[in-house]
Amino acid sequence: MSYDPNEPPQSYGQQPYQQQPPGYYSEPQSQYGQSQPQYGQPQPQPQPQYGQPQQQYGQPQPQYGQPQYGYQGGQYYAQSQPKDWLTTLLLCIFLGWLGVHRFYTGHIVIGVIQLLTVGGCGIWALIDLIMIITDSYRDSNGLPLVKS
């Protein structure tokens with residue numbers, strides 16, 4: 001390799017500068033011979049390491065201390081214990097005017113509204129009592145109450 005004062009200086013390990021004919025364009029090369037990604041082109045994603053779980057796109061990330069979620073019938077729901085029919089009935093009979101049965105079954109917002117309106121002046125609590133007796137009342141996950 002000889003020194004030519006007409007060529008631009010180079011750093012150690014690079015290929016010597018080669019003159020290209022006018023109008024000739026070559027892709028820029030990285031120092032290891034791989035072409036540089038072009039603007040607007042998708043970037044290659046790193047491969048997951050062996051033995052590590054793969055997360056699917058659009059799936060919720062599990063977090064410590066949070067309830068695990070299942071997928072059933074086109075919607076996500078928290079996997080909780082089924083609510084007891086008799087407990088819900090007794091709460092509605094004795095504390096329905098406070099909306100305690102709504103808190104027990106997971107309907108927190110409606111429970112607060114019933115608490116503030118004294119069970120909808122008693123009418124809302126009476127409707128809930130009829131729904132519990134006729135088995136048409138559901139918990140916040142849409143699951144029926146369990147008779148034991």
# chains A, B, ... in the order shown; residues from 1 in each chain; ligands from 1
>>> residues_around(residues="segment 131-148 of chain A", least_positions_apart="6", cutoff="8 Å", atoms="only C-alpha atoms", output="PyMOL selection string")
chain A and resi 77-78+82-86+88-89+105-107
>>> residues_around(residues="segment 91-95 of chain A", least_positions_apart="6", cutoff="9 Å", atoms="only C-alpha atoms", output="ChimeraX atom specification")
/A:101-102,104,125-126,128-129,132
